[in-house]
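Working notes for the structure below.
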Amino acid sequence: MPASALSTATRAPGAWIVGASSGIGRATAERLARDGYVVAVSGRRTALLDEVVEAITAQGGRAHAVPVDVTDAASVEAAHARVAAALDGPLELLVCSAGTNVPGRWWSDLTPAGFDQVVDTNLNAVTRCVLTVLPGFRRAGFGQVVVVSSWAGWQYMSAAGAAYGSSKTALGALVQSLNDQEGRSGIRATHLCPGEVVTDILRTRPVPPPEDEMARMLDADDVAEAVSWLAGLRAKVCVNELVLTPVHNRMYVDTSAYPPRET
């Protein structure tokens with residue numbers, strides 16, 4: 001159940017999941033709805049957001065679809081206003097799960113436009129979303145931000161590429177700054193770093209992993225369970241960083257999975 005003392009039986013707390021149309025974001029929205037949150041699901045693909053809402057309501061949960069373009073500050077601000085209006089209780093939790101990468105990851109293939117695209121979605125968009133929720137969190141004296149990052153945000157990972165690795169690593173510093181400056185207002189943040197997860201973005205690698213390797217990786221529900229656990233901790237507890245990997249972690253057991261250059 002939600003950790004905040006603000007939660008009541010009549011006014012269910014709200015969670016805003018950005019990047020909720022598929023993958024980790026969708027699984028997290030569905031899990032948090034089962035935990036008792038009213039969830040607002042955001043992303044660019046409206047039809048997929050509607051599918052998420054239908055799936056949640058079919059299971060007895062409550063959800064609202066709020067389309068957003070996280071690369072546009074005005075769109076993020078408008079989406080936040082819609083989220084706040086749709087909820088019948090306080091917005092207590094922001095989960096930032098939108099992410100992207102590009103096929104051209106080696107320096108010889110990387111373009112300035114590709115680098116900018118990845119950083120804008122993976123890093124700048126998180127900042128935009130966090131800035132919209134902080135005033136309300138401060139007034140309430142409680143709020144939680146979970147930033148879905150990556151193993152590549154915790155430890156260098158060659159296959160991730162320069163843009164992805166740089167953007168995800170920077171999220172660690174962003175989360176630390178939140179806990180430093182906003183913890184005194186009752187706000188907590190977690191840099192959540194999953195290892196390999198079977199999602200659409202995994203298949204954008206220049207050489208996607210073979211199916212038998214993907215079968216041993218984390219799936220979106222594994223990460224959603226971690227977010228649920230984080231949200232359920234008592235309000236005084238902050239998990240600053242959490243690294244989650246498959247038991248069969250290819251970064252450890254099979255270095256051949258990451259050759260010097262994928263072609």
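Letters for chains follow the order of the structure tokens (A, B, ...), residue numbers begin at 1 for each chain, and ligand numbers begin at 1 in the order shown.
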
- Task: Mind checking which residues fall within 6 Å of Ile17 in chain A, counting only C-alpha atoms, ignoring those fewer than 2 positions away in the same chain, and posting them as number ranges by chain?
- Result: A: 20, 41, 95

Mind dumping the selected residues with N, CA and C atoms as a short mmCIF file (atom, residue, chain, number, x, y, z; two decimals), in the first residue's frame?
```cif
data_model
loop_
_atom_site.label_atom_id
_atom_site.label_comp_id
_atom_site.auth_asym_id
_atom_site.auth_seq_id
_atom_site.Cartn_x
_atom_site.Cartn_y
_atom_site.Cartn_z
N ALA A 20 4.17 5.05 -20.10
CA ALA A 20 3.34 3.94 -19.62
C ALA A 20 2.63 3.18 -20.73
N VAL A 41 -1.63 7.48 -16.72
CA VAL A 41 -0.65 6.87 -17.61
C VAL A 41 -0.40 7.82 -18.78
N VAL A 95 6.61 8.23 -11.57
CA VAL A 95 7.52 7.22 -12.11
C VAL A 95 7.90 7.66 -13.52
#
```

- All strand (DSSP E or B) positions in range 135-181 of chain A, as number ranges by chain: A: 143-148

- Task: Considering only C-alpha atoms, return as an MDAnalysis selection string whatever protein or nucleic-acid residues lie within 12 Å of Ser149 in chain A, sequence-local ones (same chain, fewer than 2 positions apart) excluded.
- Result: chainID A and resid 24:25 95:100 121:123 126 146:147 151:155 164:175 190:197 223 241:244

Given the selection you just returned, output its residues as a file containing N, CA and C atoms, formatted as a CSV table (one decimal), in the first residue's frame.
```csv
chain,number,residue,atom,x,y,z
A,24,ILE,N,8.1,-1.5,-19.3
A,24,ILE,CA,8.2,-1.3,-17.8
A,24,ILE,C,7.1,-0.3,-17.3
A,25,GLY,N,6.9,0.8,-18.1
A,25,GLY,CA,5.9,1.7,-17.7
A,25,GLY,C,4.5,1.1,-17.5
A,95,VAL,N,6.6,8.2,-11.6
A,95,VAL,CA,7.5,7.2,-12.1
A,95,VAL,C,7.9,7.7,-13.5
A,96,CYS,N,9.2,7.9,-13.7
A,96,CYS,CA,9.7,8.3,-15.0
A,96,CYS,C,10.3,7.1,-15.7
A,97,SER,N,9.6,6.6,-16.7
A,97,SER,CA,10.0,5.4,-17.4
A,97,SER,C,10.2,5.5,-18.9
A,98,ALA,N,10.0,6.7,-19.4
A,98,ALA,CA,10.2,6.9,-20.8
A,98,ALA,C,11.7,6.8,-21.2
A,99,GLY,N,12.0,6.2,-22.2
A,99,GLY,CA,13.4,6.0,-22.6
A,99,GLY,C,13.6,5.7,-24.1
A,100,THR,N,14.7,5.9,-24.6
A,100,THR,CA,15.0,5.6,-26.0
A,100,THR,C,16.5,5.4,-26.2
A,121,THR,N,15.2,12.7,-24.3
A,121,THR,CA,14.2,11.8,-23.8
A,121,THR,C,14.6,11.1,-22.5
A,122,ASN,N,15.8,10.7,-22.4
A,122,ASN,CA,16.2,10.0,-21.2
A,122,ASN,C,16.6,10.8,-20.0
A,123,LEU,N,17.0,12.1,-20.2
A,123,LEU,CA,17.5,12.9,-19.1
A,123,LEU,C,16.6,14.2,-19.0
A,126,VAL,N,13.0,13.8,-17.9
A,126,VAL,CA,12.8,13.6,-16.4
A,126,VAL,C,12.8,14.9,-15.6
A,146,VAL,N,10.4,8.0,-8.7
A,146,VAL,CA,11.2,6.8,-9.1
A,146,VAL,C,11.6,7.0,-10.6
A,147,VAL,N,12.9,7.0,-10.8
A,147,VAL,CA,13.5,7.2,-12.1
A,147,VAL,C,14.0,5.9,-12.6
A,151,TRP,N,21.2,-0.4,-15.9
A,151,TRP,CA,22.6,-0.8,-15.4
A,151,TRP,C,23.6,0.1,-16.0
A,152,ALA,N,23.3,0.6,-17.2
A,152,ALA,CA,24.3,1.5,-17.9
A,152,ALA,C,24.3,2.9,-17.2
A,153,GLY,N,23.4,3.1,-16.3
A,153,GLY,CA,23.4,4.4,-15.5
A,153,GLY,C,24.2,4.1,-14.2
A,154,TRP,N,24.5,2.9,-13.9
A,154,TRP,CA,25.2,2.6,-12.6
A,154,TRP,C,26.7,2.1,-12.9
A,155,GLN,N,26.9,1.5,-14.0
A,155,GLN,CA,28.2,1.0,-14.4
A,155,GLN,C,28.3,1.0,-15.9
A,164,TYR,N,23.2,6.9,-24.7
A,164,TYR,CA,22.4,6.2,-23.7
A,164,TYR,C,23.1,6.1,-22.4
A,165,GLY,N,24.4,5.7,-22.4
A,165,GLY,CA,25.1,5.6,-21.2
A,165,GLY,C,25.3,6.9,-20.5
A,166,SER,N,25.6,8.0,-21.3
A,166,SER,CA,25.8,9.3,-20.7
A,166,SER,C,24.5,9.8,-20.1
A,167,SER,N,23.4,9.6,-20.8
A,167,SER,CA,22.1,10.1,-20.3
A,167,SER,C,21.7,9.4,-19.0
A,168,LYS,N,21.8,8.1,-19.0
A,168,LYS,CA,21.4,7.3,-17.8
A,168,LYS,C,22.3,7.5,-16.6
A,169,THR,N,23.6,7.7,-16.9
A,169,THR,CA,24.6,8.0,-15.8
A,169,THR,C,24.2,9.3,-15.1
A,170,ALA,N,23.9,10.3,-15.9
A,170,ALA,CA,23.5,11.6,-15.4
A,170,ALA,C,22.3,11.5,-14.5
A,171,LEU,N,21.4,10.6,-14.7
A,171,LEU,CA,20.2,10.4,-13.9
A,171,LEU,C,20.6,10.2,-12.4
A,172,GLY,N,21.7,9.5,-12.2
A,172,GLY,CA,22.2,9.2,-10.9
A,172,GLY,C,22.4,10.5,-10.1
A,173,ALA,N,23.1,11.4,-10.8
A,173,ALA,CA,23.4,12.7,-10.1
A,173,ALA,C,22.1,13.5,-9.9
A,174,LEU,N,21.2,13.4,-10.9
A,174,LEU,CA,19.9,14.2,-10.8
A,174,LEU,C,19.2,13.7,-9.5
A,175,VAL,N,19.1,12.3,-9.3
A,175,VAL,CA,18.4,11.8,-8.2
A,175,VAL,C,19.1,12.2,-6.9
A,190,THR,N,14.5,7.7,-6.1
A,190,THR,CA,15.3,6.5,-6.3
A,190,THR,C,15.8,6.4,-7.7
A,191,HIS,N,17.0,6.2,-7.9
A,191,HIS,CA,17.6,5.9,-9.2
A,191,HIS,C,17.6,4.4,-9.3
A,192,LEU,N,16.6,3.9,-10.1
A,192,LEU,CA,16.3,2.4,-10.3
A,192,LEU,C,17.1,2.0,-11.5
A,193,CYS,N,18.0,1.0,-11.3
A,193,CYS,CA,18.9,0.6,-12.4
A,193,CYS,C,18.7,-0.9,-12.7
A,194,PRO,N,17.8,-1.2,-13.6
A,194,PRO,CA,17.6,-2.6,-14.0
A,194,PRO,C,18.8,-3.0,-14.9
A,195,GLY,N,19.1,-4.3,-14.8
A,195,GLY,CA,19.9,-4.9,-15.9
A,195,GLY,C,19.1,-5.1,-17.1
A,196,GLU,N,19.5,-6.1,-17.9
A,196,GLU,CA,18.8,-6.3,-19.1
A,196,GLU,C,17.3,-6.8,-18.9
A,197,VAL,N,16.4,-6.0,-19.5
A,197,VAL,CA,15.0,-6.3,-19.4
A,197,VAL,C,14.5,-6.5,-20.9
A,223,VAL,N,10.5,-5.5,-12.8
A,223,VAL,CA,10.8,-4.1,-12.4
A,223,VAL,C,9.6,-3.4,-11.8
A,241,GLU,N,19.3,4.4,-4.4
A,241,GLU,CA,19.7,3.7,-5.7
A,241,GLU,C,19.4,2.3,-5.5
A,242,LEU,N,18.8,1.6,-6.5
A,242,LEU,CA,18.5,0.2,-6.5
A,242,LEU,C,18.9,-0.4,-7.8
A,243,VAL,N,19.8,-1.4,-7.7
A,243,VAL,CA,20.3,-2.1,-8.9
A,243,VAL,C,19.6,-3.5,-8.9
A,244,LEU,N,19.0,-3.8,-10.1
A,244,LEU,CA,18.2,-5.0,-10.2
A,244,LEU,C,18.6,-5.7,-11.4
```

- To one decimal in Å, tell me the separation between CA of Thr71 in chain A and CA of Arg128 in chain A. 8.4 Å

- Mind checking DSSP for range 54-244 of chain A and telling me the helix (DSSP H, G or I) residues as JSON, numbers by chain? {"A": [54, 55, 56, 57, 58, 73, 74, 75, 76, 77, 78, 79, 80, 81, 82, 83, 84, 85, 86, 112, 113, 114, 115, 116, 117, 118, 119, 120, 121, 122, 123, 124, 125, 126, 127, 128, 129, 130, 131, 132, 133, 134, 135, 136, 137, 138, 139, 140, 151, 152, 153, 158, 159, 160, 162, 163, 164, 165, 166, 167, 168, 169, 170, 171, 172, 173, 174, 175, 176, 177, 178, 179, 180, 181, 182, 183, 184, 185, 200, 201, 202, 203, 204, 211, 212, 213, 214, 220, 221, 222, 223, 224, 225, 226, 227, 228, 229, 230, 231, 232]}

- Message: I need the residue nearest Ala215 in chain A from this list: A:Gln176, A:Thr199, A:Thr46, A:Asn240. Use only C-alpha atoms for the distance.
- Response: A:Thr199

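Between CA of Gln181 in chain A and CA of Gly19 in chain A the separation is 25.7 Å.
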
- State, in Å with one decimal place, the distance from CA of Val247 in chain A to CA of Pro210 in chain A.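 Between these atoms lies a distance of 17.4 Å.
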